Amino acid sequence: MSERIERFEGQGIAVRGNDIDTDRIIPARFMKCVTFAGLGAYAFNDERFDGDGNSKGHPFDDPRFAAHPVLVANANFGCGSSREHAPQALKDYGVRAIVAESFAEIFAGNCSSLGIPAMTMSAADVAELQALIEASPETRIRMDLDAMEITADDRRWAASMPESYRRALLDGSWDSTAVLAEAGDEINSVAQHLPYV
Amino acid sequence: MSGKNLLEKVWDRHKVRTLPSGQDQLFIGLHLIHEVTSPQAFGMLRERGLSVRFPQRTFATADHIIPTDVVDRPFADPLAEDMLKALETNTAEYGITYFGPDSGSQGVVHVVGPEQGLTQPGMTIACGDSHTATHGAFGAIAFGVGTSQVRDILATGTMAISKPKVRRIRVEGTMPQGVGAKDLILSIIGRLGVNGGLGYAYEYGGSAVQQLSMEERMTLCNMSIEGGARVGYVNPDRTTYEWLEGRPYIRDYQAMVDFAEEMKSDEDAAYDDEVVFDAADLKPMVTWGINPGQVVPVDGTLPALEDLPEEERETAERAYSYMGFQPGESMDGRAIDVVFIGSCTNGRLSDLREAAKIARGRRVAEGVRALVVPGSQRVAQAAEREGLDDIFVKAGFQWRQAGCSMCLAMNPDKLQGRELSASTSNRNFIGRQGSPTGRTLLVSPSMAAAAAISGKITDIRKWEAA
């Protein structure tokens, strides 16, 4: 069993914009690797650095927010390519939890299997949280998977996430291999009854 | 009581159990792997002392990082060489069949699976690549997965996944001349949105879909994920069976047909949603923005921000600024710098034939760089037997070797600077084709070829009439 994740608390980093695809999170040219280690250096590379490697002022390089563990994004975050390199790059950078208006499906699944809670809130609530982070970067954001709510300062917002991901995080079964392997006989039975291979 | 659709039947047949999380544990009948998303998964297996549970259901090829000009080993790029070596070592160690560059059968994983006859109706198919829905063209339930799921499937033959809802997309009538499967899927994404398919599988049906060839059905299913749907499929029929007959891995043709007939959607199947398109209304499509849903008919005009739904305006504004286009403009006549014909979307023999028909006896416009990249070595061999390579080379196109090439630029084929490319691939994301400022217009193979010859986006319907 993996670690149970019931709540997470940390400072925030707001990355604004809808439809941020996984090519933007980790451009394909940085995927030439046989391990995920070190990918964090290239997270959002083309949005962070110009052609000469100088910072363009992206929140990931802004000293007020850099390396904060709670990423707060907008709608359809993580769309496009299925590359797990995207959440792995964010994780390697230091992201431990993500809040957004919505997530692309494969990306949300990848986050769950890495033990990264990916919670959604309404557009208005996300906007409020992003504004709060930008105005007061030191604010600590508390994510509660039991109560499904997010709190910061004296504010409290309702959050949601697919129930299966929530339960996997809560009961520590998000690292799925061991759980799947338990069904050894049932797996063989399904395989034997297929008319192919 | 209504009948069942194909997704429900295939799901029932492959479901191992319901997991404590509420997700299903689904058996994966065919697991396709490639060099980019598998080495980390094999690393995790070794760390945990696990092995590959069903090597006979696992097949590998190399596509993303393969150079398409000179493929001599070792590759000029040491990172690419490391990745290929890792795949060679992993497949050899675990007894996995590998269609490598020396096999004569290497290529883009979604081209190789079908042409080998590995892809069959009624299967569950997973691959660490989001365009895996391509295989749904055969009536398989096929979807992209992340590397942790690649590990799970290698280790157990199964993965945790929630059963999607099914939306039937019915396309009725006959598509006009000059309009193909690429235009159809771009129209669908344009109408339903880039996340309209979230939580859904798309079942494509109706008379226009039944009339599509297998290769066109693959183009259609391929881009399901660009509309947010992880799964897209077409029910199997005679077209499917005839295309598969005689392929290397069709061991028992009749058993395959019987299983397909059992798995295909019942006449009275129920669906969670249905959307209808009239094929006669379709036009050749061109994307203008930074996601595949930002698309217009070639004779249309780019939308004003205020005419778009509010939630699309921010992305549209960013798209206009990135692309350097203005609302009210048309894509027709826009000068391009590069043409890329290939990819898992449009790198098959019929795509190359369609492009060659336009290129034959003509010349690529001055200043335009045009690449034709066959989807697999087998596609390349077939095209060369027909003399398509000769047509392209005489017209001034570069005839390359099989791979993903400029679709995602994990190899030497890349846009430079702000170049504008007419591409038959599937994504026009910012920086997708390898230059952080490069720009992509997604089009069909005939539109791409016409753009290469004329140096600008050209309405293929006028071309064909001319």
# chains A, B, ... in the order shown; residues from 1 in each chain; ligands from 1
$ closest_atom_pairs --of "chain B" --to "chain A" --cutoff "6 Å" --atoms "only C-alpha atoms" --output "CSV"
residue,atom,partner,partner_atom,distance
B:Val16,CA,A:Ile187,CA,6.0
B:Ser21,CA,A:Ser164,CA,4.6
B:Gly22,CA,A:Ser164,CA,5.2
B:Gln23,CA,A:Ser164,CA,5.8
B:Pro39,CA,A:Val34,CA,5.3
B:Gln40,CA,A:Thr35,CA,5.2
B:Leu79,CA,A:Lys32,CA,5.9
B:Asp129,CA,A:Ser82,CA,5.7
B:Ser130,CA,A:Ser82,CA,4.9
B:Gly146,CA,A:Glu84,CA,5.0
B:Thr147,CA,A:Glu84,CA,5.7
B:Asp152,CA,A:Thr177,CA,5.2
B:Thr156,CA,A:Ala181,CA,5.7
B:Met410,CA,A:Arg29,CA,5.0
$ select_by_dssp --residues "region 183-238 of chain B" --states "strand (DSSP E)" --output "ChimeraX atom specification"
/B:200-205,231-234
$ write_last_selection --atoms "C-alpha atoms" --output "PDB file, in the first residue's frame"
ATOM      1  CA  TYR B 200     -17.156   9.958 -23.142  1.00  0.00           C
ATOM      2  CA  ALA B 201     -16.218   7.382 -25.706  1.00  0.00           C
ATOM      3  CA  TYR B 202     -17.252   8.457 -29.212  1.00  0.00           C
ATOM      4  CA  GLU B 203     -18.996   5.853 -31.349  1.00  0.00           C
ATOM      5  CA  TYR B 204     -18.848   7.105 -34.937  1.00  0.00           C
ATOM      6  CA  GLY B 205     -21.651   5.794 -37.125  1.00  0.00           C
ATOM      7  CA  VAL B 231     -11.850   6.413 -26.803  1.00  0.00           C
ATOM      8  CA  GLY B 232     -13.339   6.587 -30.296  1.00  0.00           C
ATOM      9  CA  TYR B 233     -14.554   3.663 -32.374  1.00  0.00           C
ATOM     10  CA  VAL B 234     -16.453   2.518 -35.436  1.00  0.00           C
TER      11      VAL B 234
END
$ residues_around --residues "Gln401 (chain B)" --least-positions-apart "4" --cutoff "12 Å" --atoms "only C-alpha atoms" --output "PyMOL selection string"
chain B and resi 63+66-72+101+104-108+342-343+347+371-381+383-384+389+405+413
$ select_by_dssp --residues "chain A" --states "helix (DSSP H, G or I)" --output "PyMOL selection string"
chain A and resi 22-25+28-31+39-42+45-48+59-61+85-93+105-113+123-135+163-170+177-181+184-192
$ write_last_selection --atoms "C-alpha atoms" --output "PDB file, in the first residue's frame"
ATOM      1  CA  THR A  22       1.075  18.880 -21.828  1.00  0.00           C
ATOM      2  CA  ASP A  23       3.356  20.104 -24.651  1.00  0.00           C
ATOM      3  CA  ARG A  24       3.478  23.412 -22.808  1.00  0.00           C
ATOM      4  CA  ILE A  25       4.015  21.735 -19.444  1.00  0.00           C
ATOM      5  CA  ALA A  28       8.508  17.022 -26.344  1.00  0.00           C
ATOM      6  CA  ARG A  29      12.190  17.696 -26.914  1.00  0.00           C
ATOM      7  CA  PHE A  30      12.811  17.296 -23.172  1.00  0.00           C
ATOM      8  CA  MET A  31      11.221  13.840 -23.170  1.00  0.00           C
ATOM      9  CA  LEU A  39      12.495  16.873 -15.566  1.00  0.00           C
ATOM     10  CA  GLY A  40      11.404  19.655 -13.200  1.00  0.00           C
ATOM     11  CA  ALA A  41      14.090  21.940 -14.582  1.00  0.00           C
ATOM     12  CA  TYR A  42      12.210  21.919 -17.903  1.00  0.00           C
ATOM     13  CA  ASN A  45      10.360  25.597 -20.289  1.00  0.00           C
ATOM     14  CA  ASP A  46       9.188  27.614 -23.297  1.00  0.00           C
ATOM     15  CA  GLU A  47       6.937  29.819 -21.180  1.00  0.00           C
ATOM     16  CA  ARG A  48       9.686  30.381 -18.603  1.00  0.00           C
ATOM     17  CA  PRO A  59       5.400  32.161 -11.862  1.00  0.00           C
ATOM     18  CA  PHE A  60       7.650  29.047 -11.755  1.00  0.00           C
ATOM     19  CA  ASP A  61      10.663  31.407 -11.749  1.00  0.00           C
ATOM     20  CA  HIS A  85       6.312  13.319 -18.166  1.00  0.00           C
ATOM     21  CA  ALA A  86       3.997  16.310 -17.595  1.00  0.00           C
ATOM     22  CA  PRO A  87       2.874  15.526 -14.021  1.00  0.00           C
ATOM     23  CA  GLN A  88       6.303  13.954 -13.368  1.00  0.00           C
ATOM     24  CA  ALA A  89       7.973  17.239 -14.385  1.00  0.00           C
ATOM     25  CA  LEU A  90       5.627  19.187 -12.119  1.00  0.00           C
ATOM     26  CA  LYS A  91       6.296  16.748  -9.279  1.00  0.00           C
ATOM     27  CA  ASP A  92      10.056  16.940  -9.797  1.00  0.00           C
ATOM     28  CA  TYR A  93       9.765  20.736  -9.718  1.00  0.00           C
ATOM     29  CA  GLU A 105      -8.917  13.034 -18.371  1.00  0.00           C
ATOM     30  CA  ILE A 106      -5.592  11.261 -18.946  1.00  0.00           C
ATOM     31  CA  PHE A 107      -3.722  13.972 -17.045  1.00  0.00           C
ATOM     32  CA  ALA A 108      -6.035  13.637 -14.029  1.00  0.00           C
ATOM     33  CA  GLY A 109      -5.488   9.856 -14.048  1.00  0.00           C
ATOM     34  CA  ASN A 110      -1.730  10.301 -14.260  1.00  0.00           C
ATOM     35  CA  CYS A 111      -1.793  12.700 -11.286  1.00  0.00           C
ATOM     36  CA  SER A 112      -3.811  10.237  -9.259  1.00  0.00           C
ATOM     37  CA  SER A 113      -1.403   7.394  -9.934  1.00  0.00           C
ATOM     38  CA  ALA A 123     -14.154  29.212 -12.131  1.00  0.00           C
ATOM     39  CA  ALA A 124     -15.086  31.992  -9.709  1.00  0.00           C
ATOM     40  CA  ASP A 125     -13.515  30.196  -6.744  1.00  0.00           C
ATOM     41  CA  VAL A 126     -10.329  29.440  -8.689  1.00  0.00           C
ATOM     42  CA  ALA A 127     -10.116  33.107  -9.698  1.00  0.00           C
ATOM     43  CA  GLU A 128     -10.465  34.125  -6.061  1.00  0.00           C
ATOM     44  CA  LEU A 129      -7.749  31.692  -4.959  1.00  0.00           C
ATOM     45  CA  GLN A 130      -5.397  32.772  -7.745  1.00  0.00           C
ATOM     46  CA  ALA A 131      -5.895  36.422  -6.818  1.00  0.00           C
ATOM     47  CA  LEU A 132      -5.225  35.592  -3.178  1.00  0.00           C
ATOM     48  CA  ILE A 133      -1.969  33.784  -4.045  1.00  0.00           C
ATOM     49  CA  GLU A 134      -0.776  36.644  -6.224  1.00  0.00           C
ATOM     50  CA  ALA A 135      -1.611  39.260  -3.587  1.00  0.00           C
ATOM     51  CA  GLU A 163     -14.688   9.659  -6.356  1.00  0.00           C
ATOM     52  CA  SER A 164     -12.421   6.803  -7.475  1.00  0.00           C
ATOM     53  CA  TYR A 165      -9.315   9.009  -7.351  1.00  0.00           C
ATOM     54  CA  ARG A 166     -10.385  10.425  -4.012  1.00  0.00           C
ATOM     55  CA  ARG A 167     -10.838   6.989  -2.495  1.00  0.00           C
ATOM     56  CA  ALA A 168      -7.553   5.724  -3.919  1.00  0.00           C
ATOM     57  CA  LEU A 169      -5.725   8.662  -2.321  1.00  0.00           C
ATOM     58  CA  LEU A 170      -7.583   8.351   0.971  1.00  0.00           C
ATOM     59  CA  THR A 177       0.251  -2.139  -9.225  1.00  0.00           C
ATOM     60  CA  ALA A 178      -0.011  -4.070  -5.969  1.00  0.00           C
ATOM     61  CA  VAL A 179      -3.803  -3.710  -5.837  1.00  0.00           C
ATOM     62  CA  LEU A 180      -4.184  -4.957  -9.412  1.00  0.00           C
ATOM     63  CA  ALA A 181      -1.852  -7.905  -8.861  1.00  0.00           C
ATOM     64  CA  GLY A 184      -4.182 -12.983 -10.156  1.00  0.00           C
ATOM     65  CA  ASP A 185      -6.684 -15.811 -10.684  1.00  0.00           C
ATOM     66  CA  GLU A 186      -9.448 -13.558 -11.954  1.00  0.00           C
ATOM     67  CA  ILE A 187      -6.996 -12.021 -14.444  1.00  0.00           C
ATOM     68  CA  ASN A 188      -6.108 -15.460 -15.771  1.00  0.00           C
ATOM     69  CA  SER A 189      -9.742 -16.386 -16.053  1.00  0.00           C
ATOM     70  CA  VAL A 190     -10.597 -13.311 -18.165  1.00  0.00           C
ATOM     71  CA  ALA A 191      -7.537 -13.907 -20.358  1.00  0.00           C
ATOM     72  CA  GLN A 192      -8.396 -17.561 -20.946  1.00  0.00           C
TER      73      GLN A 192
END
$ closest_residue --among "B:Trp288, B:Phe143, B:Phe340, B:Tyr94" --to "Ser321 (chain B)" --atoms "only C-alpha atoms"
B:Trp288
$ closest_residue --among "B:Tyr249, B:Tyr271, B:Phe75, B:Phe325" --to "Gln56 (chain B)" --atoms "only C-alpha atoms"
B:Tyr249
$ decode --residues "region 166-191 of chain B" --atoms "C-alpha atoms" --output "tab-separated table (two decimals), in the first residue's frame"
chain	number	residue	atom	x	y	z
B	166	VAL	CA	-20.88	6.61	-24.88
B	167	ARG	CA	-21.89	9.38	-27.26
B	168	ARG	CA	-22.98	8.25	-30.71
B	169	ILE	CA	-21.85	10.64	-33.42
B	170	ARG	CA	-24.00	9.90	-36.41
B	171	VAL	CA	-22.87	11.31	-39.76
B	172	GLU	CA	-25.51	10.81	-42.43
B	173	GLY	CA	-25.34	11.34	-46.18
B	174	THR	CA	-22.41	11.62	-48.54
B	175	MET	CA	-19.40	13.88	-48.08
B	176	PRO	CA	-18.86	16.35	-50.95
B	177	GLN	CA	-15.89	16.03	-53.29
B	178	GLY	CA	-12.68	17.34	-51.75
B	179	VAL	CA	-13.86	16.57	-48.21
B	180	GLY	CA	-12.42	13.62	-46.27
B	181	ALA	CA	-12.13	12.01	-42.86
B	182	LYS	CA	-9.71	14.69	-41.63
B	183	ASP	CA	-12.22	17.41	-42.43
B	184	LEU	CA	-14.93	15.38	-40.72
B	185	ILE	CA	-13.05	14.97	-37.44
B	186	LEU	CA	-11.92	18.61	-37.44
B	187	SER	CA	-15.57	19.62	-37.97
B	188	ILE	CA	-16.66	17.38	-35.09
B	189	ILE	CA	-14.03	18.85	-32.75
B	190	GLY	CA	-14.90	22.37	-33.93
B	191	ARG	CA	-18.55	21.83	-33.05
